[in-house]
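Engineer: Below is the file run_21.cif, which contains mmCIF, C-alpha atoms.
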data_work
#
loop_
_atom_site.label_atom_id
_atom_site.label_comp_id
_atom_site.auth_asym_id
_atom_site.auth_seq_id
_atom_site.Cartn_x
_atom_site.Cartn_y
_atom_site.Cartn_z
CA MET A 520 51.94 -44.21 -51.47
CA ALA A 521 50.96 -42.28 -48.37
CA LYS A 522 51.05 -44.27 -45.16
CA LYS A 523 48.51 -43.75 -42.41
CA GLN A 524 49.97 -41.99 -39.37
CA LEU A 525 49.10 -43.13 -35.84
CA TYR A 526 48.70 -40.44 -33.16
CA TYR A 527 48.96 -40.63 -29.39
CA GLU A 528 45.26 -39.80 -29.12
CA ASP A 529 44.35 -42.80 -31.32
CA VAL A 530 45.43 -45.37 -28.75
CA GLU A 531 44.19 -46.38 -25.30
CA VAL A 532 45.46 -48.91 -22.78
CA GLY A 533 44.34 -52.26 -24.18
CA SER A 534 44.36 -51.09 -27.83
CA GLU A 535 45.64 -53.69 -30.25
CA VAL A 536 48.85 -53.21 -32.19
CA THR A 537 47.91 -54.08 -35.80
CA PRO A 538 49.04 -57.73 -36.12
CA ILE A 539 51.38 -58.95 -38.84
CA ALA A 540 51.51 -62.52 -40.18
CA LYS A 541 54.85 -64.16 -40.94
CA VAL A 542 55.72 -67.45 -42.57
CA ALA A 543 59.15 -68.71 -41.59
CA SER A 544 60.46 -70.95 -44.34
CA THR A 545 63.84 -72.50 -44.96
CA LEU A 546 64.16 -69.94 -47.78
CA MET A 547 63.54 -67.05 -45.37
CA LEU A 548 66.14 -68.43 -42.94
CA VAL A 549 68.76 -68.64 -45.69
CA LYS A 550 67.95 -65.09 -46.83
CA TRP A 551 68.18 -63.95 -43.22
CA ALA A 552 71.52 -65.71 -42.74
CA GLY A 553 72.90 -63.88 -45.79
CA ALA A 554 71.42 -60.49 -44.88
CA SER A 555 72.34 -60.65 -41.21
CA GLY A 556 75.62 -62.52 -41.33
CA ASP A 557 74.47 -65.15 -38.82
CA PHE A 558 75.80 -68.33 -40.40
CA ASN A 559 75.20 -70.71 -37.50
CA PRO A 560 74.36 -74.01 -39.26
CA LEU A 561 71.74 -74.62 -36.56
CA HIS A 562 69.51 -72.54 -38.83
CA PHE A 563 70.10 -74.22 -42.21
CA ASP A 564 71.54 -77.72 -41.74
CA ASP A 565 69.16 -80.34 -40.32
CA ASN A 566 71.91 -82.86 -39.56
CA PHE A 567 73.87 -80.32 -37.58
CA ALA A 568 70.70 -79.18 -35.78
CA VAL A 569 70.04 -82.77 -34.68
CA THR A 570 73.48 -82.88 -33.07
CA GLN A 571 72.50 -79.72 -31.15
CA GLY A 572 69.43 -81.40 -29.74
CA THR A 573 66.83 -79.23 -31.47
CA GLY A 574 65.55 -82.03 -33.68
CA GLY A 575 65.85 -79.89 -36.81
CA ILE A 576 66.70 -76.38 -37.93
CA ILE A 577 65.10 -73.62 -35.91
CA VAL A 578 64.18 -70.00 -36.61
CA HIS A 579 66.83 -67.46 -35.51
CA GLY A 580 65.85 -65.60 -32.35
CA ALA A 581 67.09 -62.37 -33.91
CA LEU A 582 64.84 -62.92 -36.94
CA LYS A 583 61.82 -63.09 -34.64
CA ARG A 584 63.07 -59.95 -32.90
CA SER A 585 63.28 -58.27 -36.32
CA TRP A 586 59.68 -59.31 -37.02
CA LEU A 587 58.73 -57.51 -33.80
CA GLY A 588 60.63 -54.45 -35.07
CA HIS A 589 58.52 -54.67 -38.26
CA LEU A 590 55.35 -54.96 -36.15
CA MET A 591 56.15 -51.76 -34.28
CA SER A 592 57.53 -49.63 -37.13
CA ALA A 593 54.53 -50.46 -39.33
CA TRP A 594 52.15 -49.50 -36.51
CA ILE A 595 53.79 -46.22 -35.44
CA GLY A 596 54.30 -44.92 -38.99
CA ASP A 597 56.98 -42.57 -40.26
CA GLU A 598 56.42 -39.96 -37.54
CA GLY A 599 56.65 -42.40 -34.64
CA PHE A 600 59.94 -43.32 -32.99
CA LEU A 601 60.74 -46.74 -31.58
CA LYS A 602 62.51 -45.98 -28.30
CA LYS A 603 62.84 -49.43 -26.76
CA LEU A 604 62.49 -52.98 -27.99
CA SER A 605 63.04 -56.03 -25.80
CA CYS A 606 62.24 -59.69 -26.18
CA GLN A 607 62.93 -63.03 -24.63
CA TYR A 608 63.71 -66.18 -26.56
CA ARG A 609 61.42 -68.65 -24.82
CA GLY A 610 60.43 -71.25 -27.37
CA MET A 611 61.89 -72.80 -30.50
CA ASP A 612 60.16 -72.38 -33.84
CA TYR A 613 60.60 -74.70 -36.81
CA PRO A 614 60.44 -73.19 -40.32
CA ARG A 615 58.31 -74.60 -43.12
CA LYS A 616 60.20 -76.55 -45.77
CA MET A 617 59.93 -75.40 -49.40
CA ALA A 618 57.27 -76.91 -51.71
CA SER A 619 58.78 -75.25 -54.79
CA MET A 620 61.56 -72.78 -55.56
CA MET A 621 59.39 -69.90 -54.39
CA ASP A 622 56.66 -71.30 -52.19
CA PRO A 623 56.80 -72.76 -48.72
CA ALA A 624 54.90 -75.98 -48.01
CA GLU A 625 51.60 -75.83 -46.17
CA GLY A 626 52.09 -75.42 -42.45
CA GLU A 627 52.40 -73.07 -39.58
CA THR A 628 51.85 -69.29 -39.76
CA TRP A 629 53.30 -67.03 -37.07
CA TRP A 630 51.69 -63.83 -35.86
CA CYS A 631 53.36 -60.78 -34.42
CA LYS A 632 50.92 -59.14 -32.05
CA GLY A 633 50.78 -56.57 -29.30
CA LYS A 634 48.63 -54.44 -27.08
CA VAL A 635 49.03 -51.10 -25.37
CA ALA A 636 50.02 -51.51 -21.73
CA ASN A 637 50.50 -47.87 -20.74
CA LYS A 638 50.50 -44.32 -22.16
CA TYR A 639 51.76 -41.08 -20.67
CA VAL A 640 53.32 -37.73 -21.45
CA GLU A 641 56.81 -37.05 -20.12
CA ASP A 642 59.04 -34.09 -21.04
CA ASP A 643 56.57 -33.19 -23.82
CA GLN A 644 57.01 -36.64 -25.33
CA HIS A 645 53.93 -38.77 -25.96
CA ILE A 646 54.98 -42.21 -24.84
CA VAL A 647 53.20 -45.51 -25.39
CA GLU A 648 54.35 -48.80 -23.87
CA CYS A 649 53.26 -52.05 -25.48
CA GLU A 650 53.38 -55.69 -24.62
CA ILE A 651 54.36 -57.52 -27.81
CA TRP A 652 55.00 -61.09 -28.84
CA VAL A 653 55.44 -63.62 -31.64
CA GLU A 654 53.00 -66.50 -31.42
CA ASN A 655 53.25 -69.79 -33.25
CA GLY A 656 50.54 -71.75 -35.05
CA GLN A 657 49.35 -73.20 -31.74
CA GLY A 658 48.91 -69.71 -30.27
CA GLU A 659 51.93 -70.09 -27.95
CA LYS A 660 54.03 -66.97 -27.31
CA THR A 661 57.50 -68.18 -28.23
CA THR A 662 59.01 -64.68 -28.19
CA PRO A 663 57.37 -62.34 -25.67
CA GLY A 664 58.66 -58.82 -25.28
CA SER A 665 57.90 -55.16 -24.87
CA ALA A 666 58.26 -51.95 -26.84
CA THR A 667 58.20 -48.26 -25.97
CA VAL A 668 57.34 -45.79 -28.72
CA ILE A 669 57.07 -42.03 -28.98
CA LEU A 670 54.07 -40.98 -31.07
CA PRO A 671 53.14 -37.61 -32.53
CA SER A 672 50.23 -35.85 -30.83
CA LYS A 673 47.29 -34.27 -32.63
CA LYS A 674 47.35 -31.50 -30.01
CA ALA A 675 51.01 -30.71 -30.59
CA LYS A 676 50.36 -30.51 -34.31
CA LYS A 677 47.79 -27.67 -34.02
CA MET B 974 70.28 -64.54 -7.65
CA THR B 975 73.71 -64.30 -6.17
CA GLU B 976 77.32 -63.84 -7.05
CA ALA B 977 78.46 -66.22 -4.33
CA GLY B 978 78.89 -69.44 -6.28
CA ILE B 979 80.44 -67.94 -9.38
CA PRO B 980 83.99 -69.21 -9.97
CA ASP B 981 86.56 -66.44 -9.33
CA GLU B 982 87.98 -66.84 -12.80
CA ILE B 983 84.59 -65.87 -14.27
CA LYS B 984 83.81 -63.20 -11.67
CA ALA B 985 87.11 -61.48 -12.50
CA LEU B 986 85.82 -60.76 -16.01
CA ILE B 987 82.92 -58.56 -14.84
CA GLY B 988 83.60 -55.02 -16.05
CA THR B 989 85.86 -56.09 -18.92
CA THR B 990 85.41 -53.96 -22.04
CA THR B 991 86.20 -54.67 -25.69
CA PRO B 992 88.10 -52.44 -28.13
CA PRO B 993 85.90 -50.30 -30.44
CA MET B 994 84.67 -51.82 -33.69
CA ILE B 995 83.73 -49.71 -36.72
CA MET B 996 80.83 -50.47 -39.06
CA GLU B 997 79.46 -48.68 -42.11
CA VAL B 998 75.71 -48.68 -42.69
CA GLU B 999 75.00 -49.28 -46.39
CA ARG B 1000 71.76 -48.82 -48.33
CA GLY B 1001 72.17 -52.19 -50.05
CA SER B 1002 72.52 -54.09 -46.81
CA ILE B 1003 69.43 -52.34 -45.37
CA ARG B 1004 67.40 -53.37 -48.45
CA ARG B 1005 68.62 -56.97 -48.30
CA PHE B 1006 67.75 -57.08 -44.64
CA ALA B 1007 64.23 -55.68 -45.17
CA ASP B 1008 63.68 -58.22 -47.98
CA ALA B 1009 64.86 -61.09 -45.79
CA ILE B 1010 62.47 -60.29 -42.93
CA GLY B 1011 59.60 -59.46 -45.31
CA ASP B 1012 59.23 -55.80 -44.30
CA PRO B 1013 57.91 -53.67 -47.21
CA ASN B 1014 58.48 -50.30 -45.45
CA PRO B 1015 59.73 -47.82 -48.12
CA LEU B 1016 61.97 -46.13 -45.51
CA TYR B 1017 64.14 -49.26 -45.75
CA ARG B 1018 64.27 -49.53 -49.54
CA ASP B 1019 63.14 -46.46 -51.49
CA VAL B 1020 65.72 -43.66 -51.52
CA GLU B 1021 63.33 -41.11 -53.05
CA TYR B 1022 60.63 -41.86 -50.50
CA ALA B 1023 63.14 -41.66 -47.67
CA LYS B 1024 64.62 -38.38 -48.93
CA ASN B 1025 61.15 -36.83 -48.78
CA SER B 1026 60.47 -38.19 -45.29
CA ARG B 1027 61.46 -36.54 -42.02
CA TYR B 1028 64.63 -38.66 -42.05
CA GLY B 1029 66.03 -37.41 -45.38
CA GLU B 1030 67.73 -40.75 -46.05
CA MET B 1031 67.03 -44.47 -45.76
CA ILE B 1032 67.11 -45.58 -42.13
CA CYS B 1033 67.86 -48.88 -40.37
CA PRO B 1034 65.15 -51.24 -39.16
CA ALA B 1035 65.31 -51.96 -35.43
CA GLY B 1036 66.34 -55.55 -36.07
CA PHE B 1037 69.45 -54.34 -37.88
CA PHE B 1038 71.14 -54.20 -34.48
CA GLY B 1039 72.49 -57.44 -33.16
CA TRP B 1040 72.68 -58.71 -36.74
CA PRO B 1041 74.09 -57.52 -39.10
CA ILE B 1042 75.30 -54.67 -36.89
CA LYS B 1043 76.67 -57.06 -34.34
CA GLY B 1044 79.61 -55.25 -33.01
CA GLY B 1045 79.48 -54.53 -29.39
CA GLY B 1046 82.21 -57.11 -28.99
CA LEU B 1047 79.65 -59.87 -28.32
CA GLU B 1048 81.77 -62.60 -29.83
CA GLN B 1049 84.93 -61.31 -28.15
CA MET B 1050 83.19 -61.20 -24.78
CA MET B 1051 81.92 -64.76 -25.19
CA GLY B 1052 85.43 -65.77 -26.26
CA MET B 1053 86.80 -64.36 -23.00
CA LEU B 1054 84.17 -66.12 -20.91
CA MET B 1055 84.06 -69.52 -22.58
CA PRO B 1056 87.33 -71.11 -21.35
CA ALA B 1057 86.46 -70.45 -17.70
CA MET B 1058 82.84 -71.50 -18.23
CA ILE B 1059 83.81 -74.76 -19.92
CA LYS B 1060 86.12 -75.46 -17.00
CA ALA B 1061 83.17 -74.90 -14.65
CA GLY B 1062 81.01 -77.26 -16.71
CA LEU B 1063 78.78 -74.44 -17.96
CA PHE B 1064 79.16 -75.02 -21.69
CA ARG B 1065 75.55 -74.99 -22.87
CA ILE B 1066 74.87 -71.44 -24.02
CA LEU B 1067 71.44 -69.96 -24.70
CA ASP B 1068 70.49 -66.55 -26.02
CA GLY B 1069 68.04 -65.62 -23.27
CA ALA B 1070 66.85 -62.12 -24.00
CA ILE B 1071 67.79 -58.80 -25.52
CA ASP B 1072 66.92 -55.22 -24.66
CA TYR B 1073 67.53 -52.28 -26.97
CA GLU B 1074 67.19 -48.62 -26.33
CA PHE B 1075 67.37 -46.30 -29.34
CA PHE B 1076 68.29 -42.64 -29.17
CA ILE B 1077 68.77 -41.37 -32.72
CA PRO B 1078 67.65 -42.90 -36.06
CA ILE B 1079 70.52 -44.57 -37.91
CA HIS B 1080 70.82 -43.48 -41.54
CA ALA B 1081 72.39 -45.18 -44.52
CA GLY B 1082 75.87 -43.68 -44.81
CA ASP B 1083 76.41 -43.48 -41.07
CA THR B 1084 79.56 -44.94 -39.59
CA LEU B 1085 78.99 -46.56 -36.22
CA THR B 1086 81.51 -47.38 -33.56
CA SER B 1087 80.58 -49.96 -30.99
CA SER B 1088 82.12 -51.37 -27.88
CA GLY B 1089 81.09 -53.97 -25.38
CA LYS B 1090 81.20 -54.55 -21.66
CA ILE B 1091 80.66 -57.63 -19.53
CA ALA B 1092 78.21 -55.78 -17.31
CA ASP B 1093 77.08 -58.41 -14.85
CA ILE B 1094 77.12 -62.12 -14.06
CA ARG B 1095 74.62 -63.70 -11.69
CA GLU B 1096 74.08 -67.24 -10.56
CA ARG B 1097 70.74 -68.98 -10.22
CA GLU B 1098 69.71 -72.51 -9.34
CA GLY B 1099 67.53 -73.87 -12.14
CA LYS B 1100 65.66 -77.12 -12.55
CA SER B 1101 68.71 -78.63 -14.23
CA GLY B 1102 71.25 -77.24 -11.74
CA LYS B 1103 73.44 -74.16 -11.65
CA MET B 1104 72.90 -71.48 -14.30
CA LEU B 1105 74.76 -68.26 -14.99
CA PHE B 1106 72.94 -65.18 -16.29
CA ILE B 1107 75.46 -63.04 -18.13
CA THR B 1108 74.60 -59.46 -19.10
CA LEU B 1109 76.60 -58.11 -22.02
CA GLU B 1110 76.20 -54.42 -22.82
CA GLN B 1111 76.83 -52.94 -26.26
CA THR B 1112 77.04 -49.21 -26.93
CA TYR B 1113 76.86 -47.74 -30.43
CA LEU B 1114 78.02 -44.24 -31.37
CA ASN B 1115 77.59 -42.51 -34.72
CA GLN B 1116 80.22 -40.51 -36.63
CA ASN B 1117 79.35 -37.42 -34.52
CA GLY B 1118 80.11 -39.28 -31.31
CA ASP B 1119 76.44 -39.38 -30.27
CA VAL B 1120 75.06 -42.55 -28.66
CA VAL B 1121 72.55 -44.03 -31.13
CA ALA B 1122 71.71 -47.26 -29.35
CA ILE B 1123 72.48 -49.38 -26.32
CA GLY B 1124 71.89 -53.11 -26.31
CA LYS B 1125 71.81 -55.46 -23.35
CA SER B 1126 71.99 -59.18 -24.05
CA THR B 1127 71.25 -61.83 -21.49
CA ILE B 1128 73.16 -65.03 -22.14
CA ILE B 1129 72.28 -68.10 -20.10
CA ALA B 1130 75.03 -70.66 -19.48
CA ARG B 1131 74.32 -73.99 -17.84
#
Hey, can you dump this file as structure tokens for me?

Structural biologist:
Amino acid sequence: MAKKQLYYEDVEVGSEVTPIAKVASTLMLVKWAGASGDFNPLHFDDNFAVTQGTGGIIVHGALKRSWLGHLMSAWIGDEGFLKKLSCQYRGMDYPRKMASMMDPAEGETWWCKGKVANKYVEDDQHIVECEIWVENGQGEKTTPGSATVILPSKKAKK
Amino acid sequence: MTEAGIPDEIKALIGTTTPPMIMEVERGSIRRFADAIGDPNPLYRDVEYAKNSRYGEMICPAGFFGWPIKGGGLEQMMGMLMPAMIKAGLFRILDGAIDYEFFIPIHAGDTLTSSGKIADIREREGKSGKMLFITLEQTYLNQNGDVVAIGKSTIIAR
């Protein structure tokens, strides 16, 4: 399966980073806990979460950061290099509960989005800076951030 | 922001470093991680695909840093800070933000060494009173001694 490669010349300031939809479910949070090693019960035990004042279990900040990593790596393709990734944990997100063993209940869908803020060439590197964020079902940016990527250039290729 | 109101006991910890921690990057843990965040990128799961890519081996997703590659002595640094912070009444801890800079792709099979530094502590008056902004720096080296990534976490204590 060949993936489409993005080039420096393909993007302009204001260009959209191809958005990615995510559904945070209690199942995803448990899988994340296991895969990441973050076993804070705030993310899988409702009773404990209530004692922490969040009202219920919340999505791990680092999981949302990883979604942003997915957003960028999918966009820049195999030849692109993610140079910088930053984000701020501004708002809490509540995962969907499970409707069955496999499927989350109806509810909120999150979107990872971004747009190109700047592009320039420095030391022969084709650099693109993006504003990125995770937004919740109400369109609020709960995890704003930024990313800097190095893209291949069509000119350099010739 | 100022350093003026920071208790001496806390201020004295600025510049403290943690002993190096060693971590092996395994293919299986990369795959589990990619599954957990819902990232289908074959660079994170398909050895054959990765071997034929420019990387020659499966690589780590950006989100792999922080968790499960925690290292950087984050927990140790918080352990050093907590007693003095509790004494000062600053016991509510929030993960405020994180900044990563990447230098070299991390491959499955790499052995990383990380260490941490309490880089800076600043005080700010917030709506709910005094807050400390703590910057914790984590540096990761690969088996060749090259810096692969630097992370900067901002922890908010209030």

Engineer: At a cut-off of 7 Å, list the chain B residues touching chain A, using only C-alpha atoms, as a ChimeraX atom specification.

Structural biologist: /B:1002,1005-1006,1009-1010,1012,1034-1036,1040-1041,1068-1076

Engineer: Please evaluate the PyMOL selection byres ((chain B and resi 998) around 8) against the structure above and give the resulting residues as a PyMOL selection string.

Structural biologist: chain B and resi 996-997+999-1000+1002-1003+1080-1085

Engineer: Just how far from CA of Thr661 in chain A is CA of Ser534 in chain A, in Å to one decimal?

Structural biologist: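 So the two atoms, CA of Ser534 in chain A and CA of Thr661 in chain A, lie 21.6 Å apart.
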
Engineer: Mind giving me the straight-line distance from CA of Gly988 in chain B to CA of Lys1090 in chain B in Å, one decimal?

Structural biologist: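 Here the two named atoms are 6.1 Å from each other.
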
Engineer: Rounded to one decimal place, report the CA of Ile576 in chain A-CA of Phe558 in chain A distance in Å.

Structural biologist: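 One can read the CA of Ile576 in chain A to CA of Phe558 in chain A distance as 12.4 Å.
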
Engineer: Please write the residues picked by the PyMOL selection byres ((chain B and resi 1079) around 6) on this file as a list in words.

Structural biologist: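 This file gives the following for the PyMOL selection byres ((chain B and resi 1079) around 6): Ile1032, Cys1033, Pro1078 and His1080 of chain B.
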
Engineer: Could those selected residues go to a file with C-alpha atoms, as a short mmCIF file (atom, residue, chain, number, x, y, z; two decimals), keeping the file's coordinate frame?

Structural biologist:
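For reference, out02.cif as written:
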data_model
loop_
_atom_site.label_atom_id
_atom_site.label_comp_id
_atom_site.auth_asym_id
_atom_site.auth_seq_id
_atom_site.Cartn_x
_atom_site.Cartn_y
_atom_site.Cartn_z
CA ILE B 1032 67.11 -45.58 -42.13
CA CYS B 1033 67.86 -48.88 -40.37
CA PRO B 1078 67.65 -42.90 -36.06
CA HIS B 1080 70.82 -43.48 -41.54
#

Engineer: Determine the residue membership of the PyMOL selection byres ((chain B and resi 1092-1099) around 7) for the file above and supply it as a list of chain:residue names.

Structural biologist: B:Met974, B:Thr975, B:Glu976, B:Gly978, B:Ile979, B:Ile987, B:Gly988, B:Lys1090, B:Ile1091, B:Lys1100, B:Ser1101, B:Gly1102, B:Lys1103, B:Met1104, B:Leu1105, B:Phe1106, B:Ile1107, B:Thr1108, B:Leu1109, B:Glu1110

Engineer: Edge lengths and centre, in Å to one decimal, as JSON: that's what I need for the box along x, y and z that holds all listed atoms of range 594-612 of chain A plus 8 Å on each side.

Structural biologist:
{"center_x": 57.9, "center_y": -56.4, "center_z": -32.4, "size_x": 27.6, "size_y": 48.8, "size_z": 31.6}

Engineer: Looking at A:Glu654, A:Lys660, A:Ser544, A:Gln644, which one is nearest to Asp622 in chain A, with distances taken over only C-alpha atoms?

Structural biologist: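 Nearest candidate to Asp622 in chain A out of A:Glu654, A:Lys660, A:Ser544, A:Gln644: A:Ser544.
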
Engineer: Kindly provide, as a list in words, the polymer residues lying within 8 Å of (79.2, -47.0, -33.0), counting all atoms listed in the file and using the coordinates exactly as they appear in the file.

Structural biologist: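 Looking at atoms near the point gives Pro993, Met994, Ile995, Met996, Thr1084, Leu1085, Thr1086, Ser1087, Ser1088, Thr1112, Tyr1113, Leu1114, Asn1115, Gln1116, Gly1118, Val1120 and Val1121 of chain B.
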
Engineer: Here is a test: counting all atoms listed in the file, which residue of B:Ala1007, B:Arg1027, B:Glu1048, B:Thr989 is nearest to Gly599 in chain A?

Structural biologist: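 Of B:Ala1007, B:Arg1027, B:Glu1048, B:Thr989, the one nearest Gly599 in chain A, counting all atoms listed in the file, is B:Arg1027.
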
Engineer: For a quick check of understanding, using all atoms listed in the file, which of B:Asp1119, B:Glu982, B:Arg1065, B:Gly1089 has the smallest distance to Gly572 in chain A?

Structural biologist: B:Arg1065

Engineer: Which one is closest to Lys1125 in chain B: B:Thr990, B:Gly1039, B:Gly1029, B:Ile1066? Count only C-alpha atoms.

Structural biologist: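 Result for the nearest residue to Lys1125 in chain B: B:Gly1039.
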
Engineer: For range 561-590 of chain A, where the input has fewer atoms than it should, I would like N, CA and C atoms rebuilt and written as a compact mmCIF listing (two decimals), keeping the file's coordinate frame.

Structural biologist:
# COMPACT_ATOMS: atom_id res chain seq x y z
N LEU A 561 72.95 -74.23 -37.30
CA LEU A 561 71.74 -74.62 -36.56
C LEU A 561 70.48 -74.14 -37.30
N HIS A 562 70.66 -73.14 -38.17
CA HIS A 562 69.51 -72.54 -38.83
C HIS A 562 69.39 -72.91 -40.31
N PHE A 563 70.28 -73.80 -40.81
CA PHE A 563 70.10 -74.22 -42.21
C PHE A 563 70.53 -75.65 -42.49
N ASP A 564 71.05 -76.36 -41.50
CA ASP A 564 71.54 -77.72 -41.74
C ASP A 564 70.89 -78.66 -40.72
N ASP A 565 69.93 -79.46 -41.23
CA ASP A 565 69.16 -80.34 -40.32
C ASP A 565 70.05 -81.32 -39.56
N ASN A 566 71.04 -81.89 -40.24
CA ASN A 566 71.91 -82.86 -39.56
C ASN A 566 72.66 -82.23 -38.40
N PHE A 567 73.17 -81.02 -38.65
CA PHE A 567 73.87 -80.32 -37.58
C PHE A 567 72.90 -80.00 -36.44
N ALA A 568 71.69 -79.55 -36.80
CA ALA A 568 70.70 -79.18 -35.78
C ALA A 568 70.37 -80.37 -34.88
N VAL A 569 70.33 -81.56 -35.47
CA VAL A 569 70.04 -82.77 -34.68
C VAL A 569 71.14 -82.98 -33.64
N THR A 570 72.39 -82.72 -34.04
CA THR A 570 73.48 -82.88 -33.07
C THR A 570 73.38 -81.85 -31.94
N GLN A 571 72.67 -80.76 -32.18
CA GLN A 571 72.50 -79.72 -31.15
C GLN A 571 71.26 -79.96 -30.28
N GLY A 572 70.56 -81.03 -30.59
CA GLY A 572 69.43 -81.40 -29.74
C GLY A 572 68.13 -80.66 -30.04
N THR A 573 68.07 -79.95 -31.16
CA THR A 573 66.83 -79.23 -31.47
C THR A 573 65.89 -80.05 -32.36
N GLY A 574 66.38 -81.16 -32.85
CA GLY A 574 65.55 -82.03 -33.68
C GLY A 574 65.51 -81.62 -35.14
N GLY A 575 65.84 -80.40 -35.44
CA GLY A 575 65.85 -79.89 -36.81
C GLY A 575 66.20 -78.42 -36.76
N ILE A 576 66.29 -77.79 -37.94
CA ILE A 576 66.70 -76.38 -37.93
C ILE A 576 65.61 -75.52 -37.29
N ILE A 577 66.04 -74.50 -36.60
CA ILE A 577 65.10 -73.62 -35.91
C ILE A 577 65.25 -72.17 -36.40
N VAL A 578 64.19 -71.41 -36.19
CA VAL A 578 64.18 -70.00 -36.61
C VAL A 578 65.12 -69.21 -35.69
N HIS A 579 65.93 -68.32 -36.28
CA HIS A 579 66.83 -67.46 -35.51
C HIS A 579 66.02 -66.60 -34.54
N GLY A 580 66.49 -66.51 -33.30
CA GLY A 580 65.85 -65.60 -32.35
C GLY A 580 65.86 -64.17 -32.87
N ALA A 581 66.98 -63.76 -33.44
CA ALA A 581 67.09 -62.37 -33.91
C ALA A 581 66.17 -62.08 -35.09
N LEU A 582 65.82 -63.13 -35.85
CA LEU A 582 64.84 -62.92 -36.94
C LEU A 582 63.47 -62.62 -36.34
N LYS A 583 63.11 -63.34 -35.29
CA LYS A 583 61.82 -63.09 -34.64
C LYS A 583 61.81 -61.70 -34.00
N ARG A 584 62.97 -61.31 -33.46
CA ARG A 584 63.07 -59.95 -32.90
C ARG A 584 62.88 -58.91 -34.01
N SER A 585 63.44 -59.20 -35.20
CA SER A 585 63.28 -58.27 -36.32
C SER A 585 61.82 -58.19 -36.78
N TRP A 586 61.12 -59.33 -36.71
CA TRP A 586 59.68 -59.31 -37.02
C TRP A 586 58.97 -58.36 -36.05
N LEU A 587 59.37 -58.39 -34.79
CA LEU A 587 58.73 -57.51 -33.80
C LEU A 587 59.06 -56.04 -34.11
N GLY A 588 60.26 -55.80 -34.63
CA GLY A 588 60.63 -54.45 -35.07
C GLY A 588 59.72 -54.01 -36.21
N HIS A 589 59.43 -54.94 -37.14
CA HIS A 589 58.52 -54.67 -38.26
C HIS A 589 57.12 -54.35 -37.72
N LEU A 590 56.67 -55.18 -36.77
CA LEU A 590 55.35 -54.96 -36.15
C LEU A 590 55.23 -53.53 -35.65
